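Peer 1: If you scroll down you'll find the structure; I have some questions about it.
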Amino acid sequence: MFQDITLEELRVLKNKKQITVIDVRSPSEYKDATLPDSLNIPFFDDEERAEVGTLYKQTSVQAAKERGLEIAAAKLPSFVKEFAAIQGDKAVFCWRGGMRSRTTATVLSLMDIHAYRLIGGYKAYRKWVLDELESYEFKAKPYVIHGNTGTGKTNLLHRLKAQSYPVLDLEGMAGHRGSIFGEIGLHANNQKTFDSLLMEELIKLGDTPYVLFEAESKKIGKVVMPPFMAEQKEIGTQIWIEMPLQARVQQILEDYRPEEYKEQCISAFRSIKSRIHIPIAAEIERCLQADMFGEAVALLLEYYYDPKYDYTSTQYEGIERVTFKVNNLDEAEAAVISFLSNQKV
């Protein structure tokens with residue numbers, strides 16, 4: 001018989017890398033939000049789930065169960081084979097730890113494939129994430145990376161993280177770069193996914209004495225930062241990166257790849273076009289249409305993004321601040337590492 005497991009017990013096994021977590025909900029449920037690093041082996045696909053759900057609501061619980069059994073029985077061999085191919089211990093979950101995960105765990109047990117069932121399912125995990133974020137006490141000293149658009153702030157954080165510096169990549173968790181062009185070439189995450197990724201990263205950082213993250217707005221794409229992160233941004237040591245215009249243009253071209261996403265870039269530009277002086281806006285759009293992306297980016301920086309950032313910089317008066325004037329990302333990385341090495345944290 002299968003064995004129930006609590007979320008706390010599951011996390012212990014996950015941290016020891018002793019278990020594979022499997023979401024048996026439908027593909028659309030899995031895509032919407034799931035436990036980080038879980039696999040998806042759906043008990044019902046989206047159409048089957050909708051059919052059973054309709055029977056449940058419009059006919060009867062018994063009719064829904066009978067139809068669900070018919071659907072499951074027809075694909076049982078391939079369903080079990082997918083689980084059998086996964087080595088080691090397994091834990092399954094559905095929305096509330098109900099019929100789908102219970103049936104899955106029972107069938108696997110009958111086939112001598114041991115699987116735990118997560119008590120409370122995804123709903124229990126979501127509640128845990130929200131409770132943890134609401135009560136989270138940020139103890140690490142915050143270092144906040146600032147810089148005009150194109151200074152490669154996210155790339156800088158990636159470089160530092162690769163060298164084991166404690167980093168929170170908020171844009172990476174949001175799946176969005178935080179600007180009107182921010183979703184181009186990316187998949188923006190919803191709030192549930194962002195919250196889960198943030199909580200897991202905070203746990204990984206543990207008792208680190210400090211943490212680096214970018215100065216983001218409260219809203220990043222589709223998600224909103226929790227209040228404690230916005231507060232840390234306001235009180236942390238502000239690290240400002242200054243870089244020549246042409247270097248920033250090149251960084252943006254590398255990050256956004258407008259030659260691949262031309263129509264998306266033009267569409268995004270049109271949503272802010274009215275905020276730019278008419279002759280300049282017309283020239284930017286002409287450059288985009290003519291594949292003169294470098295020229296378009298330079299104009300956007302000079303007449304739209306840089307003035308906005310100049311205003312933002314005045315909001316941090318009286319807070320510890322250090323500025324590095326660099327020519328490229330390599331120099332920015334070296335400057336920040338040197339600065340951190342001299343900090344008493």
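Labeling convention for the structure tokens: chains A, B, ... as they appear, residues from 1 per chain, ligands from 1 in order of appearance.
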Write out as a list in words the residues lying within 10 Å of Glu259 (chain A), counting only C-alpha atoms and excluding same-chain residues fewer than 2 positions away.
Peer 2: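 Returned residues: Leu253, Tyr256, Arg257, Tyr261, Lys262, Glu263, Cys265, Leu288, Asp291, Met292 and Phe293 of chain A.
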Peer 1: Residues near Ser217 (chain A), anyone? I mean within 10 Å using only C-alpha atoms, not counting same-chain ones fewer than 5 positions away, as a list in words.
Peer 2: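 Answer for this query is Gly178, Ser179, Val224, Met225, Ala230 and Lys233 of chain A.
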Peer 1: From the list A:Glu302, A:Glu70, A:Leu156, A:Gly175, which residue is nearest Glu333 (chain A) when using only C-alpha atoms?
Peer 2: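 Among the listed residues, the smallest separation from Glu333 (chain A) belongs to A:Leu156.
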Peer 1: Please report, as a count of residues only, each residue of region 94-296 of chain A to which DSSP assigns strand (DSSP E or B) when run on this structure's backbone.
Peer 2: 27
Peer 1: Between CA of Thr193 (chain A) and CA of Tyr125 (chain A), what distance in Å does the model show, to one decimal?
Peer 2: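 So the two atoms, CA of Thr193 (chain A) and CA of Tyr125 (chain A), lie 11.6 Å apart.
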Peer 1: So which residues of region 115-196 of chain A fall under alpha helix (DSSP H) by DSSP, listed as a ChimeraX atom specification?
Peer 2: /A:121-135,153-162,170-174,191-196
